[in-house]
file upload.txt (compact mmCIF, C-alpha atoms)
# COMPACT_ATOMS: atom_id res chain seq x y z
CA MET Y 25 116.14 62.36 79.18
CA SER Y 26 116.63 58.60 79.15
CA SER Y 27 113.65 56.31 79.52
CA SER Y 28 115.11 55.01 82.77
CA SER Y 29 115.24 58.45 84.41
CA LYS Y 30 112.80 58.88 87.24
CA LEU Y 31 111.26 62.29 87.74
CA PRO Y 32 110.83 63.59 91.27
CA SER Y 33 107.26 63.71 92.49
CA PHE Y 34 105.38 66.99 92.14
CA ASP Y 35 105.39 68.99 95.38
CA PRO Y 36 102.38 71.34 95.63
CA ALA Y 37 104.28 73.40 98.20
CA ASP Y 38 107.27 73.80 95.87
CA PRO Y 39 105.93 73.37 92.32
CA LEU Y 40 109.06 74.76 90.63
CA GLY Y 41 111.47 72.75 92.78
CA LEU Y 42 113.07 75.93 94.12
CA ASP Y 43 114.38 74.12 97.18
CA ASP Y 44 116.94 72.60 94.81
CA LEU Y 45 118.57 76.04 94.82
CA LEU Y 46 119.18 75.85 98.57
CA GLY Y 47 121.96 74.20 100.51
CA ASP Y 48 121.73 72.43 103.83
CA ASP Y 49 122.61 75.59 105.78
CA ASP Y 50 119.95 77.56 103.90
CA LEU Y 51 117.30 74.96 104.69
CA ALA Y 52 118.36 74.81 108.34
CA ILE Y 53 118.09 78.58 108.77
CA ARG Y 54 114.72 78.64 107.06
CA GLY Y 55 113.47 75.81 109.25
CA THR Y 56 114.71 77.47 112.43
CA VAL Y 57 113.02 80.79 111.68
CA ARG Y 58 109.82 79.06 110.56
CA SER Y 59 109.68 77.04 113.78
CA TRP Y 60 110.30 80.13 115.91
CA ALA Y 61 107.52 82.04 114.16
CA ALA Y 62 105.13 79.10 114.50
CA ASP Y 63 105.83 78.87 118.22
CA ARG Y 64 106.15 82.52 119.24
CA VAL Y 65 104.06 84.53 116.79
CA LEU Y 66 101.31 82.53 115.11
CA PRO Y 67 99.44 81.50 118.30
CA HIS Y 68 99.12 85.17 119.34
CA ILE Y 69 99.23 87.31 116.21
CA ALA Y 70 95.47 87.59 115.64
CA GLU Y 71 95.00 88.89 119.19
CA TRP Y 72 97.93 91.31 118.89
CA TYR Y 73 96.61 92.56 115.57
CA GLU Y 74 93.08 93.02 116.89
CA LYS Y 75 94.33 94.94 119.92
CA GLY Y 76 96.79 96.97 117.84
CA GLU Y 77 99.83 96.13 119.93
CA LEU Y 78 103.00 94.09 119.97
CA PRO Y 79 103.41 93.08 123.61
CA GLY Y 80 106.73 91.73 124.75
CA ILE Y 81 108.57 93.33 121.85
CA ARG Y 82 111.82 93.54 123.79
CA GLU Y 83 111.66 89.85 124.63
CA LEU Y 84 110.89 89.02 121.01
CA ALA Y 85 113.87 91.13 119.93
CA ARG Y 86 116.19 89.22 122.27
CA GLU Y 87 114.87 85.92 120.92
CA LEU Y 88 115.41 87.09 117.36
CA GLY Y 89 118.91 88.13 118.35
CA ALA Y 90 119.57 84.67 119.74
CA LEU Y 91 118.45 83.24 116.37
CA GLY Y 92 120.97 85.46 114.61
CA ALA Y 93 118.21 87.24 112.70
CA LEU Y 94 119.21 90.83 113.59
CA GLY Y 95 121.79 92.33 111.25
CA MET Y 96 121.83 88.81 109.87
CA SER Y 97 123.94 89.40 106.75
CA LEU Y 98 126.38 91.82 108.39
CA GLN Y 99 129.89 90.71 109.29
CA GLY Y 100 131.45 90.97 112.75
CA TYR Y 101 130.28 92.76 115.90
CA GLY Y 102 128.16 89.80 116.99
CA CYS Y 103 126.29 89.58 113.67
CA ALA Y 104 125.62 86.21 112.08
CA GLY Y 105 127.42 86.91 108.80
CA ALA Y 106 124.80 84.95 106.88
CA SER Y 107 124.36 85.14 103.12
CA SER Y 108 121.88 87.51 101.55
CA VAL Y 109 119.79 84.56 100.41
CA GLN Y 110 119.66 83.23 103.97
CA TYR Y 111 118.58 86.64 105.22
CA GLY Y 112 115.90 86.69 102.54
CA LEU Y 113 114.62 83.28 103.56
CA ALA Y 114 114.34 84.54 107.14
CA CYS Y 115 112.37 87.58 105.96
CA LEU Y 116 109.99 85.34 104.03
CA GLU Y 117 109.29 83.15 107.07
CA LEU Y 118 108.87 86.13 109.39
CA GLU Y 119 106.41 87.88 107.09
CA ALA Y 120 104.51 84.65 106.58
CA ALA Y 121 103.74 85.12 110.28
CA ASP Y 122 103.14 88.88 110.06
CA SER Y 123 104.56 91.89 108.24
CA GLY Y 124 105.01 93.67 111.56
CA ILE Y 125 107.50 91.05 112.76
CA ARG Y 126 109.48 91.27 109.54
CA SER Y 127 109.43 95.07 109.82
CA LEU Y 128 110.90 94.85 113.31
CA VAL Y 129 113.79 92.80 111.94
CA SER Y 130 114.22 94.84 108.74
CA VAL Y 131 114.38 98.19 110.49
CA GLN Y 132 116.73 96.86 113.14
CA GLY Y 133 119.14 95.12 110.78
CA SER Y 134 118.81 96.57 107.29
CA LEU Y 135 118.32 100.20 108.30
CA ALA Y 136 119.66 101.10 111.75
CA MET Y 137 122.41 98.48 112.06
CA TYR Y 138 123.32 98.63 108.38
CA ALA Y 139 123.78 102.41 108.56
CA ILE Y 140 126.13 102.15 111.53
CA HIS Y 141 127.96 99.13 110.08
CA ARG Y 142 128.55 100.74 106.69
CA PHE Y 143 129.00 104.41 107.54
CA GLY Y 144 129.83 104.54 111.25
CA SER Y 145 133.12 104.98 113.05
CA GLU Y 146 134.77 102.03 114.74
CA GLU Y 147 133.75 103.49 118.08
CA GLN Y 148 130.10 103.71 116.98
CA LYS Y 149 130.18 100.14 115.71
CA GLN Y 150 131.69 98.81 118.93
CA ARG Y 151 129.27 100.76 121.09
CA TRP Y 152 126.03 99.83 119.36
CA LEU Y 153 126.21 96.84 117.04
CA PRO Y 154 126.87 93.96 119.49
CA GLY Y 155 123.91 94.94 121.66
CA MET Y 156 121.70 95.44 118.63
CA ALA Y 157 122.69 92.08 117.15
CA ALA Y 158 121.75 90.44 120.45
CA GLY Y 159 118.42 92.26 120.56
CA GLU Y 160 119.37 93.96 123.81
CA ILE Y 161 119.17 97.35 122.09
CA ILE Y 162 116.40 98.11 119.60
CA GLY Y 163 117.10 100.64 116.88
CA CYS Y 164 115.05 102.81 114.55
CA PHE Y 165 115.74 104.83 111.41
CA GLY Y 166 114.54 108.42 111.08
CA LEU Y 167 114.24 109.57 107.46
CA THR Y 168 110.55 110.13 106.55
CA GLU Y 169 108.99 113.35 107.78
CA PRO Y 170 105.37 114.51 108.05
CA ASP Y 171 105.72 116.51 104.82
CA HIS Y 172 108.58 114.69 103.10
CA GLY Y 173 108.40 111.00 102.21
CA SER Y 174 109.19 110.25 98.56
CA ASP Y 175 111.35 113.40 98.35
CA PRO Y 176 113.73 113.09 101.32
CA ALA Y 177 116.00 115.79 99.89
CA GLY Y 178 113.41 118.30 101.10
CA MET Y 179 113.65 117.21 104.74
CA ARG Y 180 113.35 119.97 107.31
CA THR Y 181 115.09 118.29 110.22
CA HIS Y 182 118.38 120.08 110.62
CA ALA Y 183 121.56 119.83 112.62
CA LYS Y 184 123.61 122.89 113.51
CA ARG Y 185 127.08 123.14 114.98
CA SER Y 186 127.28 124.53 118.53
CA GLY Y 187 130.92 124.60 119.51
CA ASP Y 188 132.11 121.00 119.27
CA ASP Y 189 128.55 119.66 119.51
CA TRP Y 190 125.63 119.20 117.14
CA VAL Y 191 122.12 120.42 117.93
CA LEU Y 192 119.24 118.65 116.14
CA ASN Y 193 115.72 119.96 115.62
CA GLY Y 194 112.90 118.44 113.61
CA ARG Y 195 110.32 115.68 113.34
CA LYS Y 196 110.23 112.26 111.73
CA MET Y 197 107.08 110.27 111.01
CA TRP Y 198 105.99 106.63 110.56
CA ILE Y 199 109.07 105.29 112.31
CA THR Y 200 108.98 101.57 113.07
CA ASN Y 201 110.35 100.65 116.53
CA GLY Y 202 110.63 104.32 117.50
CA SER Y 203 108.95 104.22 120.92
CA VAL Y 204 110.93 101.19 122.10
CA SER Y 205 114.31 102.07 120.63
CA GLY Y 206 117.48 102.69 122.55
CA VAL Y 207 119.16 104.29 119.56
CA ALA Y 208 117.92 106.16 116.50
CA VAL Y 209 119.76 106.80 113.26
CA VAL Y 210 118.45 110.23 112.25
CA TRP Y 211 119.12 111.99 108.95
CA ALA Y 212 119.26 115.77 108.96
CA GLN Y 213 120.21 118.76 106.84
CA THR Y 214 123.54 120.37 107.71
CA ASP Y 215 125.60 123.15 106.16
CA ASP Y 216 127.57 120.39 104.41
CA GLY Y 217 124.58 118.42 103.14
CA ILE Y 218 122.48 115.62 104.55
CA ARG Y 219 124.23 113.73 107.34
CA GLY Y 220 123.32 110.80 109.56
CA PHE Y 221 123.45 110.97 113.36
CA VAL Y 222 123.50 108.20 115.95
CA VAL Y 223 121.12 109.43 118.65
CA PRO Y 224 120.75 107.68 122.02
CA THR Y 225 117.03 107.93 122.71
CA ASP Y 226 117.57 108.99 126.32
CA THR Y 227 119.16 112.22 125.11
CA PRO Y 228 117.28 115.28 126.46
CA GLY Y 229 114.91 116.72 123.87
CA PHE Y 230 114.30 113.41 122.12
CA SER Y 231 110.84 111.85 122.34
CA ALA Y 232 108.98 109.19 120.34
CA PRO Y 233 105.20 109.18 120.87
CA GLU Y 234 103.57 106.06 119.47
CA ILE Y 235 101.15 106.39 116.55
CA LYS Y 236 97.77 104.79 117.24
CA HIS Y 237 94.59 104.12 115.24
CA LYS Y 238 96.34 102.27 112.40
CA TRP Y 239 94.41 99.82 110.24
CA SER Y 240 97.57 98.23 108.88
CA LEU Y 241 100.71 96.90 110.58
CA ARG Y 242 98.75 96.86 113.79
CA ALA Y 243 101.10 94.37 115.46
CA SER Y 244 104.01 96.76 115.08
CA VAL Y 245 105.32 99.74 117.02
CA THR Y 246 105.09 102.86 114.83
CA SER Y 247 106.07 106.26 116.15
CA GLU Y 248 106.80 109.88 115.52
CA LEU Y 249 110.26 111.15 116.44
CA ILE Y 250 110.48 114.64 117.91
CA LEU Y 251 113.88 116.32 118.19
CA ASP Y 252 113.76 119.50 120.24
CA GLU Y 253 117.20 121.02 120.75
CA VAL Y 254 118.78 117.57 120.96
CA ARG Y 255 122.45 118.16 121.76
CA LEU Y 256 124.91 115.51 120.63
CA PRO Y 257 128.71 115.31 120.80
CA GLY Y 258 130.66 115.96 117.64
CA ASP Y 259 131.38 112.28 117.14
CA ALA Y 260 127.66 111.37 116.93
CA VAL Y 261 127.68 111.98 113.18
CA LEU Y 262 128.21 109.04 110.82
CA PRO Y 263 131.64 109.98 109.43
CA ASP Y 264 131.74 108.05 106.17
CA VAL Y 265 128.85 109.45 104.15
CA THR Y 266 127.35 112.79 103.12
CA GLY Y 267 124.21 113.27 101.05
CA LEU Y 268 121.28 111.08 100.12
CA LYS Y 269 123.58 108.20 99.15
CA GLY Y 270 123.62 107.23 102.83
CA PRO Y 271 119.92 106.77 103.59
CA LEU Y 272 119.10 105.53 100.08
CA SER Y 273 121.67 102.74 100.25
CA CYS Y 274 120.15 101.66 103.58
CA LEU Y 275 116.69 101.70 102.02
CA SER Y 276 117.90 99.56 99.13
CA HIS Y 277 119.13 96.94 101.58
CA ALA Y 278 115.80 96.98 103.42
CA ARG Y 279 113.81 96.84 100.18
CA TYR Y 280 115.68 93.67 99.28
CA GLY Y 281 114.26 92.05 102.42
CA ILE Y 282 110.77 93.17 101.40
CA VAL Y 283 111.16 91.38 98.06
CA TRP Y 284 111.34 88.13 100.03
CA GLY Y 285 109.02 89.11 102.86
CA ALA Y 286 106.06 89.98 100.67
CA MET Y 287 106.16 86.45 99.27
CA GLY Y 288 105.83 85.13 102.82
CA ALA Y 289 102.56 87.00 103.31
CA ALA Y 290 101.41 85.78 99.90
CA ARG Y 291 102.35 82.18 100.69
CA SER Y 292 100.44 82.22 103.97
CA SER Y 293 97.30 83.53 102.26
CA PHE Y 294 97.64 81.11 99.35
CA GLU Y 295 98.05 78.13 101.66
CA ALA Y 296 94.96 79.18 103.59
CA ALA Y 297 93.00 79.36 100.34
CA VAL Y 298 94.18 75.94 99.17
CA GLU Y 299 93.26 74.24 102.43
CA TYR Y 300 89.91 76.01 102.59
CA SER Y 301 89.08 75.03 99.03
CA LYS Y 302 89.55 71.37 99.85
CA THR Y 303 87.19 71.38 102.85
CA ARG Y 304 84.55 74.00 102.01
CA GLU Y 305 81.66 72.36 100.20
CA GLN Y 306 79.09 74.03 97.96
CA PHE Y 307 76.75 72.38 95.47
CA GLY Y 308 77.63 69.01 96.93
CA ARG Y 309 81.42 69.02 96.63
CA PRO Y 310 84.56 70.91 97.70
CA ILE Y 311 84.91 74.25 95.96
CA GLY Y 312 88.48 73.32 95.08
CA GLY Y 313 86.99 70.92 92.54
CA PHE Y 314 85.41 73.70 90.50
CA GLN Y 315 87.21 75.05 87.45
CA LEU Y 316 86.99 78.71 88.45
CA THR Y 317 88.54 78.01 91.86
CA GLN Y 318 91.33 75.93 90.33
CA ALA Y 319 92.03 78.72 87.84
CA LYS Y 320 92.46 81.16 90.74
CA LEU Y 321 94.74 78.76 92.62
CA ALA Y 322 96.86 78.08 89.53
CA ASP Y 323 97.29 81.79 88.77
CA MET Y 324 98.23 82.52 92.39
CA ALA Y 325 100.74 79.68 92.47
CA VAL Y 326 102.39 80.96 89.29
CA GLU Y 327 102.82 84.49 90.64
CA LEU Y 328 103.87 83.32 94.11
CA HIS Y 329 106.67 81.08 92.92
CA LYS Y 330 107.77 83.44 90.17
CA GLY Y 331 108.16 86.03 92.92
CA ILE Y 332 110.19 83.67 95.10
CA LEU Y 333 112.39 82.80 92.11
CA LEU Y 334 112.94 86.52 91.48
CA ALA Y 335 113.91 86.98 95.12
CA HIS Y 336 116.40 84.10 94.85
CA HIS Y 337 117.93 85.66 91.75
CA LEU Y 338 118.32 89.06 93.39
CA GLY Y 339 119.81 87.42 96.48
CA ARG Y 340 122.44 85.63 94.44
CA ARG Y 341 123.32 88.89 92.72
CA LEU Y 342 123.60 90.65 96.08
CA ASP Y 343 125.89 87.94 97.42
CA ALA Y 344 128.03 88.33 94.30
CA GLY Y 345 128.18 92.11 94.74
CA ARG Y 346 126.26 92.65 91.49
CA LEU Y 347 122.82 93.82 92.65
CA ARG Y 348 121.88 97.28 91.41
CA PRO Y 349 119.29 99.53 93.11
CA GLU Y 350 117.16 99.45 89.94
CA GLN Y 351 116.96 95.67 90.27
CA VAL Y 352 115.81 96.00 93.87
CA SER Y 353 113.08 98.37 92.65
CA PHE Y 354 112.11 95.73 90.06
CA GLY Y 355 111.71 93.15 92.83
CA LYS Y 356 109.90 95.36 95.32
CA LEU Y 357 107.49 96.67 92.69
CA ASN Y 358 106.61 93.25 91.36
CA ASN Y 359 106.52 91.17 94.50
CA VAL Y 360 104.50 93.46 96.75
CA ARG Y 361 102.01 94.18 94.00
CA GLU Y 362 101.57 90.48 93.24
CA ALA Y 363 101.41 89.58 96.93
CA ILE Y 364 98.47 91.95 97.44
CA GLU Y 365 96.68 90.43 94.47
CA ILE Y 366 97.26 86.92 95.86
CA CYS Y 367 95.78 87.98 99.20
CA ARG Y 368 92.75 89.54 97.52
CA THR Y 369 92.14 86.48 95.36
CA SER Y 370 92.57 84.19 98.37
CA ARG Y 371 89.93 86.25 100.15
CA THR Y 372 87.45 85.55 97.36
CA ILE Y 373 87.98 81.82 97.80
CA LEU Y 374 87.34 82.08 101.53
CA GLY Y 375 84.26 84.23 100.96
CA ALA Y 376 82.98 85.86 104.13
CA ASN Y 377 85.44 83.84 106.22
CA GLY Y 378 88.21 85.69 104.43
CA ILE Y 379 87.60 88.82 106.49
CA SER Y 380 87.83 86.95 109.80
CA LEU Y 381 90.96 86.92 111.93
CA GLU Y 382 90.40 83.19 112.24
CA TYR Y 383 92.28 83.15 108.94
CA PRO Y 384 95.42 85.16 108.05
CA VAL Y 385 94.27 86.49 104.69
CA MET Y 386 92.74 89.88 105.50
CA ARG Y 387 95.47 90.62 108.06
CA HIS Y 388 98.13 90.03 105.42
CA ALA Y 389 96.20 92.06 102.84
CA THR Y 390 95.90 95.11 105.10
CA ASN Y 391 99.54 94.84 106.17
CA LEU Y 392 100.67 94.74 102.57
CA GLU Y 393 98.86 97.99 101.88
CA SER Y 394 101.54 99.61 104.07
CA VAL Y 395 104.35 97.54 102.58
CA LEU Y 396 103.20 98.71 99.13
CA THR Y 397 103.99 102.35 99.91
CA TYR Y 398 106.71 102.32 102.55
CA GLU Y 399 110.36 102.30 101.50
CA GLY Y 400 109.34 103.53 98.08
CA THR Y 401 105.84 103.83 96.67
CA VAL Y 402 104.75 101.99 93.53
CA GLU Y 403 105.09 105.24 91.60
CA MET Y 404 108.66 105.88 92.79
CA HIS Y 405 109.82 102.41 91.80
CA GLN Y 406 108.10 102.77 88.43
CA LEU Y 407 110.02 106.01 87.89
CA VAL Y 408 113.31 104.40 88.97
CA LEU Y 409 112.78 101.72 86.36
CA GLY Y 410 111.48 104.22 83.79
CA LYS Y 411 114.63 106.29 84.13
CA ALA Y 412 116.81 103.19 83.86
CA LEU Y 413 114.97 102.03 80.76
CA THR Y 414 114.88 105.36 78.91
CA GLY Y 415 117.73 107.39 80.36
CA LEU Y 416 115.23 110.19 81.02
CA ASP Y 417 114.57 111.54 84.52
CA ALA Y 418 110.82 111.96 85.14
CA PHE Y 419 111.07 112.62 88.89
CA ARG Y 420 110.86 116.39 88.56
call {"tool": "encode", "arguments": {"input": "upload.txt", "output": "structure tokens"}}
result
Amino acid sequence: MSSSSKLPSFDPADPLGLDDLLGDDDLAIRGTVRSWAADRVLPHIAEWYEKGELPGIRELARELGALGALGMSLQGYGCAGASSVQYGLACLELEAADSGIRSLVSVQGSLAMYAIHRFGSEEQKQRWLPGMAAGEIIGCFGLTEPDHGSDPAGMRTHAKRSGDDWVLNGRKMWITNGSVSGVAVVWAQTDDGIRGFVVPTDTPGFSAPEIKHKWSLRASVTSELILDEVRLPGDAVLPDVTGLKGPLSCLSHARYGIVWGAMGAARSSFEAAVEYSKTREQFGRPIGGFQLTQAKLADMAVELHKGILLAHHLGRRLDAGRLRPEQVSFGKLNNVREAIEICRTSRTILGANGISLEYPVMRHATNLESVLTYEGTVEMHQLVLGKALTGLDAFR
């Protein structure tokens, strides 16, 4: 470096200079989603969380559709066709508001829409995707069952042929968006293996009672799906996939969004801790001036921005068609785990105020307890990586 070179100033909000990795379009998308969340979610989220509801979800979905945030990285059919990095940036900003909002978008775009886009017939794509991209139709994804989560191969939901039709019976559990969905992508056992079905939710025999009494993801619609002799036409099946490859590839796409989203929750908590440390006084001065507090803030900043850098790297690989499922497991395992630790450490800086909904920290911490185990528990991602590292399968 020449003596005449001038270093950029240090930015506490971007200590690694990661914004240098972003182009103008990336920054514009991030700014648009951040502004929307600040206007439409942040003023209300504490009340929604306390009441355990997400009022106006259909209106929010339409607004997110107008932003291009639904099925954001998919091509055609009214989807935005954004890059994977741009989709990740949107997930980060949405989860900085609340994990429930990011879950709404992830399940809509990365699970339900992705399944139809990748494995559906042209007729299925034309029927469902434009309305889902616009937020006019909300979708859900039925894989997890009451007794089968980490081992979806053991699912009991089944589909039997009846003439030219299919008849579905079974139950799904912990389904985001279920009670407000117009379409459900449901995975079921058939004589030919596990298949996916596109199920209009007004089909007789389909019901989706909402799950109440949650202490996490409270500002999110979570439901059970009940399929009782649900009769579907023969063309309701997703034609281009058989077996677990279908649902697992959808989950991998959704997990990628979590890699980014978890860092949004962490960033929100970290920022709250920084600001609090500069105004809260004890022993005659702000607590941010004490060595122990600064050590906590420094450690949190390191993990937060390492996690964002990891998300960037995985996004670039996904855009290049080089992202492996094991690498997604690497990101989900690390970033959610570190995000929870950042929230917990932030809470210690806020002291008793950290448990109040006046601040976002405890809300993010409790939400992340769900994010930690949905779409692959810590243990499952550890085993994915363990198998990749050793070549030995420890799942069974």
call {"tool": "atom_distance", "arguments": {"input": "upload.txt", "atom1": "atom CA of Ile373 of chain Y", "atom2": "atom CA of Ser293 of chain Y"}}
result
10.5 Å
call {"tool": "atom_distance", "arguments": {"input": "upload.txt", "atom1": "atom CA of Ser29 of chain Y", "atom2": "atom CA of Gly41 of chain Y"}}
result
17.0 Å
call {"tool": "atom_distance", "arguments": {"input": "upload.txt", "atom1": "atom CA of Leu88 of chain Y", "atom2": "atom CA of Trp60 of chain Y"}}
result
8.8 Å
call {"tool": "residues_around", "arguments": {"input": "upload.txt", "residues": "Ala418 of chain Y", "least_positions_apart": "2", "cutoff": "12 Å", "atoms": "only C-alpha atoms", "output": "list in words"}}
result
Glu403, Met404, His405, Gln406, Leu407, Val408, Leu409, Gly410, Lys411, Ala412, Leu413, Thr414, Gly415, Leu416 and Arg420 of chain Y
call {"tool": "residues_around", "arguments": {"input": "upload.txt", "residues": "Arg151 of chain Y", "least_positions_apart": "3", "cutoff": "12 Å", "atoms": "all atoms listed in the file", "output": "JSON, numbers by chain"}}
result
{"Y": [101, 102, 137, 140, 141, 144, 145, 146, 147, 148, 154, 155, 156, 157, 161, 207, 222, 224, 260]}
call {"tool": "closest_residue", "arguments": {"input": "upload.txt", "among": "Y:Arg219, Y:Arg340, Y:Lys196, Y:Lys330", "to": "Lys269 of chain Y", "atoms": "all atoms listed in the file"}}
result
Y:Arg219
call {"tool": "residues_around", "arguments": {"input": "upload.txt", "residues": "Ser174 of chain Y", "least_positions_apart": "5", "cutoff": "9 Å", "atoms": "all atoms listed in the file", "output": "ChimeraX atom specification"}}
result
/Y:168,399-401,404
call {"tool": "closest_residue", "arguments": {"input": "upload.txt", "among": "Y:Gly270, Y:Trp190, Y:Arg309, Y:Gly217", "to": "Pro257 of chain Y", "atoms": "all atoms listed in the file"}}
result
Y:Trp190
call {"tool": "closest_residue", "arguments": {"input": "upload.txt", "among": "Y:Val326, Y:Ala232, Y:Ala70, Y:Val210", "to": "Leu135 of chain Y", "atoms": "all atoms listed in the file"}}
result
Y:Val210
call {"tool": "residues_near_point", "arguments": {"input": "upload.txt", "point": "(122.1, 109.3, 114.9)", "cutoff": "6 Å", "atoms": "all atoms listed in the file", "output": "PyMOL selection string"}}
result
chain Y and resi 208-210+220-223
call {"tool": "write_last_selection", "arguments": {"input": "upload.txt", "atoms": "C-alpha atoms", "output": "PDB file, in the coordinates of the input"}}
result
ATOM      1  CA  ALA Y 208     117.920 106.160 116.500  1.00  0.00           C
ATOM      2  CA  VAL Y 209     119.760 106.800 113.260  1.00  0.00           C
ATOM      3  CA  VAL Y 210     118.450 110.230 112.250  1.00  0.00           C
ATOM      4  CA  GLY Y 220     123.320 110.800 109.560  1.00  0.00           C
ATOM      5  CA  PHE Y 221     123.450 110.970 113.360  1.00  0.00           C
ATOM      6  CA  VAL Y 222     123.500 108.200 115.950  1.00  0.00           C
ATOM      7  CA  VAL Y 223     121.120 109.430 118.650  1.00  0.00           C
TER       8      VAL Y 223
END
call {"tool": "closest_residue", "arguments": {"input": "upload.txt", "among": "Y:His337, Y:Lys75, Y:His237, Y:Arg54", "to": "Gly92 of chain Y", "atoms": "all atoms listed in the file"}}
result
Y:Arg54
call {"tool": "closest_residue", "arguments": {"input": "upload.txt", "among": "Y:Leu51, Y:Ala183, Y:Ile218, Y:Val402", "to": "Val109 of chain Y", "atoms": "all atoms listed in the file"}}
result
Y:Leu51
call {"tool": "residues_around", "arguments": {"input": "upload.txt", "residues": "Gly312 of chain Y", "least_positions_apart": "6", "cutoff": "10 Å", "atoms": "only C-alpha atoms", "output": "list in words"}}
result
Ala297, Val298, Glu299, Tyr300, Ser301, Lys302, Thr303, Arg304, Glu305, Gln306, Gln318, Ala319, Lys320, Leu321 and Ile373 of chain Y
call {"tool": "closest_residue", "arguments": {"input": "upload.txt", "among": "Y:Gly267, Y:Gly281, Y:Gly100, Y:Gly47", "to": "Gly112 of chain Y", "atoms": "all atoms listed in the file"}}
result
Y:Gly281
call {"tool": "residues_near_point", "arguments": {"input": "upload.txt", "point": "(92.9, 80.9, 108.5)", "cutoff": "10 Å", "atoms": "all atoms listed in the file", "output": "mmCIF file with C-alpha atoms, in the frame of the given file"}}
result
data_model
loop_
_atom_site.group_PDB
_atom_site.id
_atom_site.type_symbol
_atom_site.label_atom_id
_atom_site.label_comp_id
_atom_site.auth_asym_id
_atom_site.auth_seq_id
_atom_site.Cartn_x
_atom_site.Cartn_y
_atom_site.Cartn_z
ATOM 1 C CA SER Y 292 100.440 82.220 103.970
ATOM 2 C CA SER Y 293 97.300 83.530 102.260
ATOM 3 C CA GLU Y 295 98.050 78.130 101.660
ATOM 4 C CA ALA Y 296 94.960 79.180 103.590
ATOM 5 C CA ALA Y 297 93.000 79.360 100.340
ATOM 6 C CA GLU Y 299 93.260 74.240 102.430
ATOM 7 C CA TYR Y 300 89.910 76.010 102.590
ATOM 8 C CA LEU Y 374 87.340 82.080 101.530
ATOM 9 C CA ASN Y 377 85.440 83.840 106.220
ATOM 10 C CA GLY Y 378 88.210 85.690 104.430
ATOM 11 C CA ILE Y 379 87.600 88.820 106.490
ATOM 12 C CA SER Y 380 87.830 86.950 109.800
ATOM 13 C CA LEU Y 381 90.960 86.920 111.930
ATOM 14 C CA GLU Y 382 90.400 83.190 112.240
ATOM 15 C CA TYR Y 383 92.280 83.150 108.940
ATOM 16 C CA PRO Y 384 95.420 85.160 108.050
ATOM 17 C CA VAL Y 385 94.270 86.490 104.690
ATOM 18 C CA MET Y 386 92.740 89.880 105.500
#
call {"tool": "residues_around", "arguments": {"input": "upload.txt", "residues": "Gly229 of chain Y", "least_positions_apart": "6", "cutoff": "8 Å", "atoms": "all atoms listed in the file", "output": "PDB file with C-alpha atoms, in the frame of the given file"}}
result
ATOM      1  CA  ILE Y 250     110.480 114.640 117.910  1.00  0.00           C
ATOM      2  CA  LEU Y 251     113.880 116.320 118.190  1.00  0.00           C
ATOM      3  CA  ASP Y 252     113.760 119.500 120.240  1.00  0.00           C
ATOM      4  CA  GLU Y 253     117.200 121.020 120.750  1.00  0.00           C
ATOM      5  CA  VAL Y 254     118.780 117.570 120.960  1.00  0.00           C
ATOM      6  CA  ARG Y 255     122.450 118.160 121.760  1.00  0.00           C
TER       7      ARG Y 255
END
